[in-house]
Every structure is written in structure tokens, then in C-alpha cells.
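Step one of this worksheet: look at the structure below.
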Amino acid sequence: MLPAFLSRGDLRSARYVLTELRAVAATGVLDEATQREADRLFDEVSEPAVVGQLLRSIEEAAIHPDPAELGEFLAHLGPRALPLLLHAVETTAAAPLQARLQTAVETLARDHQREIVRLLGSSEESVAA
């Protein structure tokens, strides 16, 4: 279901699914296998290929997500998305997208400080800058 939402640019529905899943997972009611599956889903949406395709679709104007919904969706991404988001902040020509990406990077950086420290040693200029 989530890939279908993302492929058509329906970030409202994708964000809703992720928000609800995070809320349920936080209650501790999920059994171990279901919790692992929920964690896998969050990892999947943070994959560079998924995030990269979303960003390309926005930059190429193939989809036009509401800026607030984009920001809320990006807030659900995990640390694996940070390098690509950092790079996109530096390279995108779309100012509104850049502002949303910057906010998402700041949120993820606060939540995943170890990943930021690891990225500081990166050889890619736009990531380590």
C-alpha cells in the first residue's frame, strides 16, 4: 500500500500510514515480529532509492505535494536518508523544496546524532560541508 501511495505522489496517505504506525508501535502493543516489520517499513521508506525517486519526481514536477505534507512525510525518514537529503539541500534548484529538505535534515540530525558524526567523516563535499 505505501509504495502505491508514494509512486503516485500521495504523501498525505503515506504520511498518515507512517504516523499511525509510529503511534501504534510506540505503545508497545506489537509483538516482536510485527515490530520488526514496522521497523523494516520505516527503513524501506528511508532507502536512498525511494527518497531519491521522490525528490526527482518533485524536482521534475511530476508530482506536486503540499509543502506541509512533504515536511511531515520527510520527518518519518530514518538516518539512512540523511546523506541523500544533505546532498539534495545543496544541489536542488527548487527553493521551496530546499527549505523543506533543510527542516527535515535538522529534525533527523537531532534524532540521529551518531549518523551525523559518521557523516562528518564522509568524503562527499555536500555531505560533509
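Ordered as shown in the C-alpha cells, chains take letters A, B, and onward, while each chain numbers its residues from 1 and ligands are numbered from 1 in the order shown.
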(request) Name the residues in contact with stretch 84-87 of chain A at a cut-off of 10 Å, using only C-alpha atoms, excluding same-chain residues fewer than 2 positions from it; report them as a ChimeraX atom specification. (result) /A:46-49,51-52,55,74,79-82,89-92,98,101-102,104-106,108,119,124-129
(message) Residues near A:Ser7, anyone? I mean within 12 Å using only C-alpha atoms, not counting same-chain ones fewer than 4 positions away, as a list in words.
(response)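 Listed by chain and then number, they are Met1, Leu2, Pro3, Leu11, Ser13, Ala14, Val45, Val50, Val51, Gln53, Leu54, Leu55, Arg56, Ser57, Ile58, Ala62 and Ile63 of chain A.
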(message) Would you compute the distance between atom CA of A:Leu30 and atom CA of A:Leu70? Give it in Å to one decimal.
(response)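 For atom CA of A:Leu30 relative to atom CA of A:Leu70, the distance reads 27.5 Å.
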(request) Might you pull out every residue within 12 Å of A:Glu69, with only C-alpha atoms counted and same-chain residues fewer than 3 positions away left off, and present them as a list in words? (result)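 With the cut-off at 12 Å, the set is Gly9, Asp10, Leu11, Arg12, Ser13, Ala14, Arg15, Tyr16, Thr19, His64, Pro65, Asp66, Glu72, Phe73, Leu74, Ala75, His76, Leu97, Arg100 and Ala104 of chain A.
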Suppose we keep N, CA, C and O atoms; can you now write the selection as a compact mmCIF listing (two decimals), in the first residue's frame?
# COMPACT_ATOMS: atom_id res chain seq x y z
N GLY A 9 2.58 9.93 -5.71
CA GLY A 9 2.78 11.23 -5.06
C GLY A 9 1.77 11.55 -3.98
O GLY A 9 1.63 12.71 -3.60
N ASP A 10 1.09 10.54 -3.47
CA ASP A 10 0.09 10.75 -2.42
C ASP A 10 0.77 10.74 -1.05
O ASP A 10 0.67 9.77 -0.29
N LEU A 11 1.45 11.84 -0.75
CA LEU A 11 2.18 11.91 0.51
C LEU A 11 1.24 12.04 1.70
O LEU A 11 1.59 11.64 2.80
N ARG A 12 0.06 12.56 1.48
CA ARG A 12 -0.91 12.66 2.58
C ARG A 12 -1.22 11.26 3.12
O ARG A 12 -1.17 11.03 4.33
N SER A 13 -1.54 10.33 2.25
CA SER A 13 -1.85 8.97 2.68
C SER A 13 -0.63 8.26 3.23
O SER A 13 -0.71 7.56 4.25
N ALA A 14 0.51 8.44 2.57
CA ALA A 14 1.75 7.81 3.05
C ALA A 14 2.10 8.33 4.44
O ALA A 14 2.46 7.55 5.34
N ARG A 15 2.00 9.63 4.64
CA ARG A 15 2.30 10.22 5.93
C ARG A 15 1.34 9.70 6.99
O ARG A 15 1.74 9.39 8.10
N TYR A 16 0.07 9.59 6.64
CA TYR A 16 -0.93 9.10 7.59
C TYR A 16 -0.60 7.67 8.04
O TYR A 16 -0.63 7.37 9.25
N THR A 19 2.47 7.82 10.31
CA THR A 19 2.15 8.44 11.59
C THR A 19 1.41 7.46 12.49
O THR A 19 1.73 7.30 13.67
N HIS A 64 3.25 17.09 -7.23
CA HIS A 64 3.21 18.40 -6.59
C HIS A 64 2.66 18.26 -5.17
O HIS A 64 1.53 18.67 -4.89
N PRO A 65 3.46 17.71 -4.26
CA PRO A 65 2.94 17.52 -2.91
C PRO A 65 2.78 18.85 -2.18
O PRO A 65 3.51 19.81 -2.43
N ASP A 66 1.81 18.87 -1.30
CA ASP A 66 1.63 20.01 -0.42
C ASP A 66 2.90 20.16 0.42
O ASP A 66 3.42 19.17 0.94
N GLU A 72 6.05 16.77 6.69
CA GLU A 72 5.62 15.76 7.65
C GLU A 72 6.05 14.36 7.22
O GLU A 72 6.44 13.54 8.04
N PHE A 73 6.01 14.08 5.92
CA PHE A 73 6.48 12.79 5.43
C PHE A 73 7.98 12.64 5.67
O PHE A 73 8.45 11.62 6.18
N LEU A 74 8.74 13.66 5.32
CA LEU A 74 10.19 13.60 5.48
C LEU A 74 10.60 13.40 6.94
O LEU A 74 11.62 12.79 7.22
N ALA A 75 9.78 13.88 7.86
CA ALA A 75 10.08 13.72 9.28
C ALA A 75 10.05 12.25 9.72
O ALA A 75 10.63 11.90 10.75
N HIS A 76 9.43 11.40 8.94
CA HIS A 76 9.36 9.97 9.26
C HIS A 76 10.57 9.19 8.76
O HIS A 76 10.71 8.01 9.09
N LEU A 97 11.43 23.35 -2.15
CA LEU A 97 11.89 22.00 -1.80
C LEU A 97 13.11 22.09 -0.89
O LEU A 97 13.21 21.37 0.09
N ARG A 100 12.10 22.77 2.72
CA ARG A 100 11.51 21.59 3.37
C ARG A 100 12.59 20.56 3.69
O ARG A 100 12.57 19.94 4.75
N ALA A 104 13.75 19.01 7.34
CA ALA A 104 13.81 17.57 7.56
C ALA A 104 15.19 17.14 8.03
O ALA A 104 15.33 16.32 8.94
(message) I'd like the interatomic distance between atom CA of A:Leu120 and atom CA of A:Phe42, to a tenth of an Å.
(response) 23.8 Å
